[in-house]
$ cat query.txt   # compact mmCIF, C-alpha atoms
# COMPACT_ATOMS: atom_id res chain seq x y z
CA MET A 1 -12.97 -52.84 -19.85
CA GLU A 2 -9.57 -52.64 -21.47
CA ALA A 3 -10.35 -49.23 -22.95
CA ARG A 4 -11.60 -48.00 -19.63
CA GLY A 5 -8.36 -49.22 -18.03
CA GLU A 6 -6.30 -47.40 -20.63
CA TRP A 7 -8.30 -44.26 -20.08
CA ARG A 8 -7.63 -44.49 -16.38
CA VAL A 9 -3.93 -44.99 -16.96
CA SER A 10 -3.81 -41.83 -18.99
CA ARG A 11 -5.55 -39.90 -16.24
CA LEU A 12 -3.14 -41.32 -13.72
CA ARG A 13 -0.18 -40.39 -15.85
CA LYS A 14 -1.54 -36.90 -16.13
CA ALA A 15 -1.90 -36.66 -12.38
CA PHE A 16 1.19 -38.47 -11.22
CA GLY A 17 3.61 -38.76 -14.13
CA SER A 18 4.62 -41.82 -16.06
CA VAL A 19 3.78 -45.21 -14.68
CA PRO A 20 6.55 -47.79 -14.82
CA GLU A 21 5.85 -51.22 -16.22
CA ILE A 22 6.01 -53.66 -13.31
CA PRO A 23 6.37 -57.34 -14.17
CA ALA A 24 4.02 -59.40 -12.03
CA ASP A 25 6.68 -61.91 -11.05
CA GLN A 26 9.25 -59.45 -9.84
CA ASP A 27 9.88 -58.53 -6.24
CA TYR A 28 10.74 -55.08 -5.07
CA GLU A 29 12.12 -53.49 -1.99
CA LEU A 30 10.57 -50.44 -0.53
CA PRO A 31 13.07 -47.59 -0.73
CA SER A 32 13.90 -46.21 2.68
CA ASN A 33 12.64 -42.74 1.85
CA VAL A 34 9.24 -43.95 0.74
CA VAL A 35 6.76 -43.68 3.50
CA VAL A 36 3.33 -43.81 1.91
CA SER A 37 1.84 -45.79 -0.91
CA ALA A 38 -1.25 -45.00 -2.88
CA SER A 39 -3.16 -47.10 -5.31
CA THR A 40 -6.08 -47.03 -7.61
CA VAL A 41 -8.94 -49.41 -7.28
CA ILE A 42 -10.80 -51.06 -10.14
CA GLY A 43 -13.87 -49.05 -11.01
CA SER A 44 -12.81 -46.02 -9.05
CA ASP A 45 -11.09 -42.78 -9.81
CA GLN A 46 -10.09 -42.36 -6.24
CA TRP A 47 -6.59 -42.59 -4.97
CA ARG A 48 -5.96 -43.74 -1.48
CA ALA A 49 -2.84 -43.59 0.59
CA MET A 50 -2.15 -45.85 3.47
CA GLY A 51 0.67 -44.85 5.75
CA PRO A 52 2.76 -47.22 7.83
CA SER A 53 0.74 -46.32 10.88
CA GLY A 54 -2.54 -47.01 9.18
CA GLN A 55 -3.60 -43.46 8.44
CA SER A 56 -5.71 -43.25 5.35
CA VAL A 57 -6.16 -40.36 2.95
CA SER A 58 -7.84 -40.28 -0.41
CA GLY A 59 -8.79 -37.96 -3.22
CA GLU A 60 -10.02 -37.67 -6.77
CA ILE A 61 -7.43 -38.60 -9.35
CA ALA A 62 -8.65 -35.92 -11.71
CA ASN A 63 -8.03 -33.03 -9.40
CA THR A 64 -5.69 -34.27 -6.74
CA SER A 65 -2.78 -32.13 -5.78
CA ILE A 66 0.27 -34.19 -5.11
CA LEU A 67 3.60 -33.28 -3.63
CA THR A 68 6.31 -32.32 -6.05
CA SER A 69 8.44 -35.10 -4.57
CA ALA A 70 5.86 -37.70 -5.67
CA ARG A 71 7.12 -40.26 -8.09
CA TRP A 72 6.24 -43.71 -9.29
CA VAL A 73 8.34 -46.38 -7.74
CA PRO A 74 8.02 -50.14 -7.88
CA VAL A 75 6.53 -51.26 -4.62
CA LEU A 76 5.61 -54.76 -3.61
CA SER A 77 1.98 -54.44 -2.76
CA PRO A 78 0.11 -57.71 -2.29
CA THR A 79 -3.22 -56.02 -2.81
CA LEU A 80 -2.25 -54.85 -6.22
CA LYS A 81 -0.10 -57.66 -7.45
CA PRO A 82 -2.76 -59.75 -9.24
CA SER A 83 -3.19 -57.44 -12.17
CA LYS A 84 -0.02 -55.48 -12.73
CA PRO A 85 0.88 -53.23 -14.40
CA PHE A 86 -2.60 -51.79 -14.18
CA PRO A 87 -4.69 -51.81 -12.16
CA GLY A 88 -1.83 -52.53 -9.90
CA ALA A 89 0.57 -49.71 -10.40
CA SER A 90 1.40 -48.28 -7.06
CA LEU A 91 2.39 -44.75 -6.28
CA SER A 92 4.79 -44.06 -3.49
CA TYR A 93 6.24 -40.84 -2.49
CA SER A 94 8.17 -39.10 0.21
CA ASN A 95 5.52 -37.37 2.23
CA SER A 96 7.04 -34.68 4.36
CA MET A 97 3.60 -33.52 5.42
CA ALA A 98 2.56 -36.82 6.95
CA PHE A 99 5.84 -37.64 8.63
CA THR A 100 7.32 -35.20 11.03
CA ALA A 101 10.89 -34.17 10.32
CA ASP A 102 11.79 -33.95 13.98
CA PRO A 103 10.18 -36.75 16.01
CA ILE A 104 11.90 -35.66 19.24
CA SER A 105 10.45 -32.15 19.16
CA GLU A 106 7.07 -33.44 18.06
CA ALA A 107 6.94 -36.05 20.82
CA ARG A 108 8.02 -33.46 23.37
CA ARG A 109 5.33 -31.06 22.17
CA ILE A 110 2.58 -33.65 22.26
CA MET A 111 3.50 -34.99 25.68
CA ASN A 112 4.00 -31.49 27.10
CA GLU A 113 0.49 -30.67 25.92
CA VAL A 114 -1.14 -33.63 27.61
CA SER A 115 1.02 -33.51 30.75
CA GLY A 116 0.96 -29.77 31.29
CA GLY A 117 4.68 -29.31 30.71
CA ARG A 118 5.97 -32.21 32.81
CA VAL A 119 8.33 -33.69 30.24
CA VAL A 120 11.80 -34.17 31.69
CA LYS A 121 13.59 -36.13 28.98
CA VAL A 122 13.11 -37.28 25.38
CA GLU A 123 15.20 -40.01 23.76
CA MET A 124 15.04 -41.53 20.30
CA GLU A 125 16.36 -44.85 19.06
CA PRO A 126 15.91 -46.82 15.86
CA THR A 127 13.58 -49.79 15.80
CA LYS A 128 14.32 -53.21 14.38
CA PRO A 129 12.16 -55.09 11.86
CA PRO A 130 9.22 -55.55 11.79
CA LEU A 131 8.67 -52.41 13.85
CA ASP A 132 10.94 -50.27 11.69
CA ARG A 133 8.10 -49.52 9.26
CA PHE A 134 6.53 -47.40 11.98
CA GLY A 135 9.65 -45.29 12.46
CA PRO A 136 11.98 -44.78 15.42
CA LEU A 137 10.99 -45.25 19.04
CA VAL A 138 10.77 -41.97 20.92
CA THR A 139 10.67 -42.36 24.69
CA VAL A 140 9.37 -39.42 26.66
CA THR A 141 10.01 -39.36 30.40
CA VAL A 142 7.45 -37.42 32.40
CA ASP A 143 7.54 -36.26 35.99
CA ALA A 144 4.73 -38.47 37.25
CA ASP A 145 3.93 -41.87 38.65
CA ALA A 146 3.35 -44.73 36.25
CA ARG A 147 -0.44 -44.63 36.23
CA GLU A 148 -0.60 -40.94 35.52
CA ALA A 149 2.14 -41.18 32.90
CA LEU A 150 0.36 -44.04 31.14
CA GLU A 151 -2.92 -42.15 31.10
CA MET A 152 -1.11 -39.24 29.46
CA TYR A 153 0.46 -41.72 27.04
CA VAL A 154 -2.90 -43.07 25.92
CA ARG A 155 -4.25 -39.55 25.43
CA ALA A 156 -1.18 -38.55 23.42
CA ALA A 157 -1.12 -41.69 21.27
CA ARG A 158 -3.84 -40.56 18.89
CA GLU A 159 -1.86 -37.48 17.94
CA VAL A 160 1.18 -39.59 17.10
CA ARG A 161 -0.67 -41.68 14.52
CA GLY A 162 0.82 -41.28 11.09
CA LYS A 163 3.70 -39.08 12.16
CA GLY A 164 6.37 -41.64 11.52
CA PHE A 165 7.52 -42.54 15.00
CA ILE A 166 6.46 -44.74 17.87
CA LEU A 167 5.83 -42.99 21.15
CA ASP A 168 6.85 -44.62 24.42
CA VAL A 169 6.60 -43.24 27.91
CA ALA A 170 8.73 -43.49 31.04
CA TRP A 171 8.14 -41.97 34.46
CA THR A 172 10.20 -40.59 37.31
CA GLY A 173 7.80 -41.60 40.10
CA LYS A 174 6.76 -44.95 41.46
CA THR A 175 5.48 -47.82 39.36
CA ASP A 176 1.95 -47.99 40.70
CA VAL A 177 0.39 -50.21 38.04
CA SER A 178 0.04 -53.96 37.81
CA SER A 179 1.22 -55.91 34.79
CA GLU A 180 -2.37 -56.30 33.60
CA GLU A 181 -2.98 -52.58 33.82
CA PHE A 182 0.27 -51.79 32.03
CA ILE A 183 -0.70 -54.15 29.21
CA ARG A 184 -4.12 -52.55 28.85
CA TYR A 185 -2.69 -49.05 28.69
CA CYS A 186 -0.18 -50.14 26.05
CA ALA A 187 -2.86 -51.92 24.01
CA ARG A 188 -5.02 -48.81 23.91
CA ALA A 189 -2.05 -46.66 22.94
CA ASP A 190 -1.05 -49.11 20.20
CA VAL A 191 -4.49 -49.01 18.60
CA ARG A 192 -4.48 -45.22 18.68
CA MET A 193 -0.97 -45.08 17.18
CA GLY A 194 -1.99 -47.58 14.49
CA ILE A 195 0.41 -50.31 15.53
CA PRO A 196 -1.16 -53.70 14.82
CA PRO A 197 -1.02 -56.46 17.41
CA MET B 198 -36.05 -62.88 16.39
CA PRO B 199 -36.56 -66.01 14.30
CA ALA B 200 -33.96 -66.97 11.74
CA GLY B 201 -34.56 -65.62 8.29
CA MET B 202 -36.70 -62.69 9.40
CA PRO B 203 -35.29 -59.53 7.85
CA LEU B 204 -34.52 -56.62 10.10
CA ALA B 205 -36.61 -53.51 9.63
CA VAL B 206 -33.54 -51.37 9.04
CA PRO B 207 -30.81 -53.08 7.02
CA ARG B 208 -27.66 -53.29 9.08
CA SER B 209 -24.19 -53.74 7.71
CA TYR B 210 -22.29 -56.46 9.49
CA LEU B 211 -18.55 -56.88 9.45
CA ASP B 212 -17.22 -60.32 8.83
CA THR B 213 -14.18 -61.32 10.91
CA SER B 214 -11.97 -60.95 7.86
CA VAL B 215 -12.72 -57.22 7.68
CA VAL B 216 -11.98 -56.70 11.36
CA ILE B 217 -8.74 -58.68 11.17
CA SER B 218 -7.56 -56.89 8.04
CA LEU B 219 -8.14 -53.46 9.50
CA ILE B 220 -6.53 -54.27 12.83
CA THR B 221 -3.51 -56.08 11.47
CA GLN B 222 -3.21 -53.85 8.39
CA ASP B 223 -2.65 -56.86 6.18
CA SER B 224 -2.78 -56.99 2.38
CA CYS B 225 -6.59 -56.68 2.34
CA CYS B 226 -6.62 -53.67 4.64
CA GLU B 227 -7.23 -51.17 1.90
CA ASP B 228 -10.13 -53.19 0.50
CA ALA B 229 -11.62 -53.59 3.95
CA ASN B 230 -11.27 -49.87 4.57
CA ASN B 231 -13.05 -49.10 1.28
CA LEU B 232 -15.88 -51.47 2.14
CA MET B 233 -16.41 -49.90 5.52
CA GLU B 234 -16.34 -46.38 4.17
CA GLU B 235 -18.86 -47.17 1.47
CA ALA B 236 -21.32 -49.11 3.66
CA PRO B 237 -23.93 -47.29 5.72
CA GLU B 238 -23.09 -46.65 9.35
CA PRO B 239 -23.23 -47.79 12.04
CA HIS B 240 -21.41 -51.03 11.43
CA TYR B 241 -22.20 -54.05 13.50
CA MET B 242 -20.30 -57.11 14.48
CA SER B 243 -21.59 -60.09 16.35
CA THR B 244 -20.08 -61.68 19.43
CA TRP B 245 -19.28 -64.65 17.23
CA THR B 246 -17.14 -62.38 15.08
CA LEU B 247 -15.56 -60.90 18.16
CA ALA B 248 -14.58 -64.32 19.44
CA GLU B 249 -13.27 -65.37 16.03
CA ALA B 250 -11.22 -62.18 15.76
CA LEU B 251 -9.70 -62.74 19.19
CA GLY B 252 -8.77 -66.27 18.20
CA ALA B 253 -7.24 -65.23 14.89
CA LEU B 254 -5.24 -62.42 16.44
CA SER B 255 -3.99 -64.71 19.19
CA GLU B 256 -2.87 -67.16 16.55
CA GLY B 257 -0.97 -64.36 14.80
CA ILE B 258 0.87 -63.49 17.98
CA ARG B 259 1.71 -67.07 18.75
CA SER B 260 3.05 -67.58 15.25
CA GLY B 261 5.58 -64.83 15.97
CA SER B 262 4.36 -62.36 13.37
CA SER B 263 3.16 -59.75 15.84
CA LYS B 264 4.42 -56.20 16.04
CA GLY B 265 2.50 -54.65 18.88
CA TYR B 266 2.97 -57.58 21.21
CA ARG B 267 6.68 -57.58 20.55
CA LEU B 268 6.75 -53.89 21.36
CA LEU B 269 4.74 -54.54 24.51
CA ARG B 270 7.29 -57.08 25.75
CA GLU B 271 10.09 -54.60 25.11
CA ARG B 272 8.24 -51.93 27.04
CA MET B 273 7.60 -54.28 29.94
CA ALA B 274 11.29 -55.14 30.12
CA ARG B 275 12.37 -51.49 30.00
CA ARG B 276 9.98 -50.39 32.73
CA GLY B 277 10.60 -53.38 34.96
CA ILE B 278 7.01 -54.58 34.68
CA PRO B 279 6.83 -58.26 35.61
CA TYR B 280 5.90 -60.63 32.79
CA LEU B 281 2.78 -62.74 33.07
CA SER B 282 2.12 -66.04 31.38
CA THR B 283 2.02 -65.63 27.60
CA SER B 284 -1.66 -66.57 27.39
CA HIS B 285 -2.56 -64.09 30.12
CA GLU B 286 -0.58 -61.31 28.43
CA VAL B 287 -1.99 -62.04 25.01
CA PHE B 288 -5.57 -62.23 26.25
CA ASN B 289 -5.28 -58.93 28.15
CA TYR B 290 -3.53 -57.21 25.28
CA LEU B 291 -5.91 -58.36 22.55
CA THR B 292 -9.17 -57.85 24.42
CA GLU B 293 -8.14 -54.30 25.20
CA GLU B 294 -6.98 -53.72 21.62
CA LEU B 295 -10.26 -54.99 20.21
CA SER B 296 -12.29 -52.94 22.67
CA GLU B 297 -10.38 -49.82 21.79
CA TRP B 298 -10.68 -50.53 18.06
CA ILE B 299 -14.43 -51.14 18.31
CA THR B 300 -14.96 -47.94 20.29
CA GLY B 301 -12.66 -45.89 18.08
CA ASN B 302 -14.40 -47.00 14.89
CA GLY B 303 -17.95 -46.66 16.16
CA VAL B 304 -18.65 -50.35 15.63
CA GLU B 305 -21.50 -51.83 17.63
CA VAL B 306 -21.25 -55.34 18.97
CA CYS B 307 -24.51 -57.21 19.22
CA ASP B 308 -25.50 -60.48 20.76
CA ASP B 309 -25.60 -63.63 18.73
CA LEU B 310 -28.79 -65.60 18.84
CA ILE B 311 -27.91 -68.54 20.96
CA ASP B 312 -30.99 -70.66 20.90
CA VAL B 313 -30.60 -74.30 21.49
CA ALA B 314 -31.60 -76.99 19.07
CA GLU B 315 -32.61 -80.50 19.97
CA LEU B 316 -31.02 -83.27 17.99
CA GLU B 317 -31.75 -86.95 18.02
CA VAL B 318 -28.49 -88.79 18.55
CA GLY B 319 -28.93 -92.51 18.85
CA ASP B 320 -31.93 -93.12 21.05
CA ARG B 321 -31.81 -89.92 23.05
CA PRO B 322 -32.29 -86.22 22.36
CA VAL B 323 -29.28 -83.99 22.92
CA ARG B 324 -29.11 -80.24 23.19
CA ALA B 325 -26.92 -78.57 20.60
CA PHE B 326 -25.95 -75.08 19.59
CA TRP B 327 -28.15 -73.95 16.69
CA ALA B 328 -25.20 -73.80 14.31
CA ILE B 329 -24.77 -77.54 14.44
CA ARG B 330 -28.36 -78.15 13.41
CA ASP B 331 -28.31 -75.45 10.74
CA THR B 332 -24.95 -76.52 9.35
CA ALA B 333 -26.04 -80.11 9.10
CA GLU B 334 -29.25 -79.11 7.40
CA LEU B 335 -27.59 -76.81 4.88
CA ALA B 336 -24.79 -79.21 4.09
CA THR B 337 -27.33 -81.92 3.34
CA ARG B 338 -29.88 -79.78 1.53
CA LEU B 339 -27.51 -77.73 -0.61
CA GLY B 340 -24.62 -80.13 -0.93
CA LEU B 341 -22.17 -77.70 0.62
CA SER B 342 -18.95 -78.56 2.38
CA ALA B 343 -19.03 -78.40 6.15
CA ALA B 344 -17.02 -75.16 6.19
CA ASP B 345 -19.24 -73.45 3.62
CA ALA B 346 -22.40 -74.67 5.32
CA MET B 347 -21.10 -73.29 8.61
CA HIS B 348 -20.50 -69.88 7.04
CA LEU B 349 -23.90 -69.87 5.42
CA ALA B 350 -25.60 -70.97 8.64
CA TYR B 351 -23.92 -68.13 10.46
CA VAL B 352 -24.93 -65.51 7.90
CA ARG B 353 -28.47 -66.83 7.63
CA ARG B 354 -28.88 -66.70 11.39
CA LEU B 355 -27.32 -63.25 11.70
CA CYS B 356 -29.53 -61.97 8.87
CA PRO B 357 -27.66 -58.74 8.13
CA GLY B 358 -28.89 -56.23 5.61
CA LEU B 359 -25.40 -56.10 4.22
CA LEU B 360 -22.40 -58.33 4.86
CA LEU B 361 -18.93 -56.90 4.39
CA THR B 362 -16.18 -59.43 3.91
CA VAL B 363 -12.75 -59.75 2.38
CA ASP B 364 -12.67 -63.46 3.10
CA SER B 365 -12.44 -65.53 -0.07
CA ASP B 366 -14.23 -68.36 1.75
CA PHE B 367 -17.39 -66.35 1.41
CA THR B 368 -17.08 -66.09 -2.35
CA ARG B 369 -18.06 -69.72 -2.73
CA ILE B 370 -21.35 -69.15 -0.95
CA ALA B 371 -21.99 -65.56 -1.99
CA GLU B 372 -24.79 -66.62 -4.33
CA TRP B 373 -26.51 -68.60 -1.62
CA ILE B 374 -26.26 -65.63 0.72
CA ARG B 375 -27.73 -63.34 -1.91
CA PHE B 376 -30.51 -65.86 -2.44
CA LEU B 377 -31.43 -65.21 1.19
CA GLY B 378 -31.91 -61.56 0.29
CA ILE B 379 -28.66 -60.46 1.91
CA GLU B 380 -26.32 -58.17 0.05
CA VAL B 381 -22.68 -59.29 0.13
CA ARG B 382 -19.91 -56.85 -0.55
CA GLY B 383 -16.35 -57.98 -0.96
CA LEU B 384 -13.28 -57.26 -2.97
CA PRO B 385 -10.65 -59.53 -4.48
CA CYS B 386 -8.15 -60.74 -2.01
CA LYS B 387 -5.02 -62.43 -3.33
CA LYS B 388 -3.81 -65.49 -1.55
CA GLU B 389 -0.59 -66.74 -3.07
CA ASP B 390 0.63 -69.41 -0.75
CA SER B 391 -0.76 -72.30 -2.78
CA GLU B 392 -2.50 -73.26 -5.94
CA GLY B 393 -5.70 -73.49 -3.95
CA GLY B 394 -5.15 -69.94 -2.78
CA LYS B 395 -4.85 -68.74 -6.36
CA ALA B 396 -8.10 -70.45 -7.24
CA GLU B 397 -9.80 -68.72 -4.34
CA SER B 398 -8.50 -65.42 -5.56
CA ALA B 399 -10.04 -65.93 -8.95
CA GLN B 400 -13.37 -66.60 -7.28
CA GLY B 401 -12.84 -63.56 -5.16
CA ARG B 402 -12.80 -61.32 -8.21
CA ALA B 403 -16.18 -62.66 -9.15
CA LEU B 404 -17.70 -61.78 -5.80
$ encode --input "query.txt" --output "structure tokens"
Amino acid sequence: MEARGEWRVSRLRKAFGSVPEIPADQDYELPSNVVVSASTVIGSDQWRAMGPSGQSVSGEIANTSILTSARWVPVLSPTLKPSKPFPGASLSYSNSMAFTADPISEARRIMNEVSGGRVVKVEMEPTKPPLDRFGPLVTVTVDADAREALEMYVRAAREVRGKGFILDVAWTGKTDVSSEEFIRYCARADVRMGIPP
Amino acid sequence: MPAGMPLAVPRSYLDTSVVISLITQDSCCEDANNLMEEAPEPHYMSTWTLAEALGALSEGIRSGSSKGYRLLRERMARRGIPYLSTSHEVFNYLTEELSEWITGNGVEVCDDLIDVAELEVGDRPVRAFWAIRDTAELATRLGLSAADAMHLAYVRRLCPGLLLTVDSDFTRIAEWIRFLGIEVRGLPCKKEDSEGGKAESAQGRAL
């Protein structure tokens, strides 16, 4: 088992670079530029990345292609902590492909697509913990009544998943939804965006 | 279908722990995701699991650790949507979340078998939910704790082809479940809040 573990470490090093030794009793802070973490699983040569919005990607360690910005960083990962440094080393990297560089433009594009070009305003503001791991809040105002705007919002939410921002919607027309309906629309959008309850 | 009768086609059932981990994206999320991906589809969950998940998620919100609910309240304030009572808001929010999650993940919810058992209490028969009878029987016959017997009673009654769980509670009764001809798949899940939690984790690795 030990030999197999060592073998896997060498394959990981080949794929991702050197793995730092991570003492089991040490805590780490996630660097602000790290947006995705990947880990190996005992008995598997797969790597898997889980983004802040819950998106999941995976690949073979032997032939994965990783971004040049990838690097090993110490990350507090409760799943991996029991058996550091390996299995339990965690790879984190800045993933410019998964996170959009310009959330405002991306939110505008997505909402324009679902609304047929009825976006009138887009605003972005930072979020506070614990929501900050999902990125800033981008509020898109559409020229519609509340019900219609919220239906667009739910349709758009799936496209936002994993892009590093939280989409919100506002409307210029009348608020023609009850509190219960508003809650249900938001719940559906949250699941699609990967924001846990 | 009577208890203990195997289904013609083995079905993989999700334990509540898997559902909760995937929805809340907790520390076992990755394990739960792996289990689901590796198990044959479609995945099933019972109404019992659904109810348990709703309860656990509600508890999470009430403990103040929620993210989505906090965001919801902010959105309601910004849009001038009147607040409801907390319980009403939470119930509406979570039921819709679970429904959306179930639909989005192609999970099928099936009925629990709710047959009624007759128990002799004192000098008169009383009607009881089957779980009470089964739990009592298993706890006595196998010397299990009430909690373990309850879990085993539930799994035995559900009779899945495959049970997916990341709940360390199930590790204690995994052998009993396997003895019933049910495959149990789980992965280690670290609980670090107490010494007891660490012990559970060690058992979890053996699952």
$ atom_distance --input "query.txt" --atom1 "CA of Ser365 (chain B)" --atom2 "CA of Ala333 (chain B)"
21.9 Å
$ atom_distance --input "query.txt" --atom1 "CA of Leu167 (chain A)" --atom2 "CA of Arg276 (chain B)"
14.4 Å
$ closest_residue --input "query.txt" --among "B:Arg382, B:Arg208, B:Arg267, B:His240" --to "chain A" --atoms "all atoms listed in the file"
B:Arg267
$ interface_residues --input "query.txt" --of "chain A" --to "chain B" --cutoff "6 Å" --atoms "all atoms listed in the file" --output "compact mmCIF listing (two decimals) with C-alpha atoms, in the coordinates of the input"
# COMPACT_ATOMS: atom_id res chain seq x y z
CA PRO A 78 0.11 -57.71 -2.29
CA THR A 79 -3.22 -56.02 -2.81
CA SER A 179 1.22 -55.91 34.79
CA ILE A 183 -0.70 -54.15 29.21
CA ARG A 184 -4.12 -52.55 28.85
CA ALA A 187 -2.86 -51.92 24.01
CA ARG A 188 -5.02 -48.81 23.91
CA ILE A 195 0.41 -50.31 15.53
CA PRO A 196 -1.16 -53.70 14.82
CA PRO A 197 -1.02 -56.46 17.41
$ closest_residue --input "query.txt" --among "A:Gly135, A:Gly173, A:Pro126, A:Gly116" --to "Val160 (chain A)" --atoms "only C-alpha atoms"
A:Gly135
$ residues_around --input "query.txt" --residues "Val215 (chain B)" --least-positions-apart "2" --cutoff "6 Å" --atoms "all atoms listed in the file" --output "mmCIF file with C-alpha atoms, in the coordinates of the input"
data_model
loop_
_atom_site.group_PDB
_atom_site.id
_atom_site.type_symbol
_atom_site.label_atom_id
_atom_site.label_comp_id
_atom_site.auth_asym_id
_atom_site.auth_seq_id
_atom_site.Cartn_x
_atom_site.Cartn_y
_atom_site.Cartn_z
ATOM 1 C CA ASP B 212 -17.220 -60.320 8.830
ATOM 2 C CA THR B 213 -14.180 -61.320 10.910
ATOM 3 C CA ILE B 217 -8.740 -58.680 11.170
ATOM 4 C CA SER B 218 -7.560 -56.890 8.040
ATOM 5 C CA ALA B 229 -11.620 -53.590 3.950
ATOM 6 C CA THR B 362 -16.180 -59.430 3.910
ATOM 7 C CA VAL B 363 -12.750 -59.750 2.380
#
$ atom_distance --input "query.txt" --atom1 "CA of Val169 (chain A)" --atom2 "CA of Phe134 (chain A)"
16.5 Å
$ closest_residue --input "query.txt" --among "A:Arg108, A:Asp190, A:Phe165, A:Glu180" --to "Thr283 (chain B)" --atoms "all atoms listed in the file"
A:Glu180
$ closest_residue --input "query.txt" --among "B:Val306, B:Ala328, B:Ala371, B:Met242" --to "Tyr351 (chain B)" --atoms "only C-alpha atoms"
B:Ala328
$ residues_near_point --input "query.txt" --point "(9.7, -37.8, 15.7)" --cutoff "9 Å" --atoms "all atoms listed in the file" --output "PDB file with C-alpha atoms, in the coordinates of the input"
ATOM      1  CA  PHE A  99       5.840 -37.640   8.630  1.00  0.00           C
ATOM      2  CA  THR A 100       7.320 -35.200  11.030  1.00  0.00           C
ATOM      3  CA  ALA A 101      10.890 -34.170  10.320  1.00  0.00           C
ATOM      4  CA  ASP A 102      11.790 -33.950  13.980  1.00  0.00           C
ATOM      5  CA  PRO A 103      10.180 -36.750  16.010  1.00  0.00           C
ATOM      6  CA  ILE A 104      11.900 -35.660  19.240  1.00  0.00           C
ATOM      7  CA  SER A 105      10.450 -32.150  19.160  1.00  0.00           C
ATOM      8  CA  GLU A 106       7.070 -33.440  18.060  1.00  0.00           C
ATOM      9  CA  ALA A 107       6.940 -36.050  20.820  1.00  0.00           C
ATOM     10  CA  ARG A 108       8.020 -33.460  23.370  1.00  0.00           C
ATOM     11  CA  MET A 124      15.040 -41.530  20.300  1.00  0.00           C
ATOM     12  CA  GLY A 135       9.650 -45.290  12.460  1.00  0.00           C
ATOM     13  CA  PRO A 136      11.980 -44.780  15.420  1.00  0.00           C
ATOM     14  CA  LEU A 137      10.990 -45.250  19.040  1.00  0.00           C
ATOM     15  CA  VAL A 138      10.770 -41.970  20.920  1.00  0.00           C
ATOM     16  CA  VAL A 160       1.180 -39.590  17.100  1.00  0.00           C
ATOM     17  CA  LYS A 163       3.700 -39.080  12.160  1.00  0.00           C
ATOM     18  CA  GLY A 164       6.370 -41.640  11.520  1.00  0.00           C
ATOM     19  CA  PHE A 165       7.520 -42.540  15.000  1.00  0.00           C
ATOM     20  CA  ILE A 166       6.460 -44.740  17.870  1.00  0.00           C
ATOM     21  CA  LEU A 167       5.830 -42.990  21.150  1.00  0.00           C
TER      22      LEU A 167
END
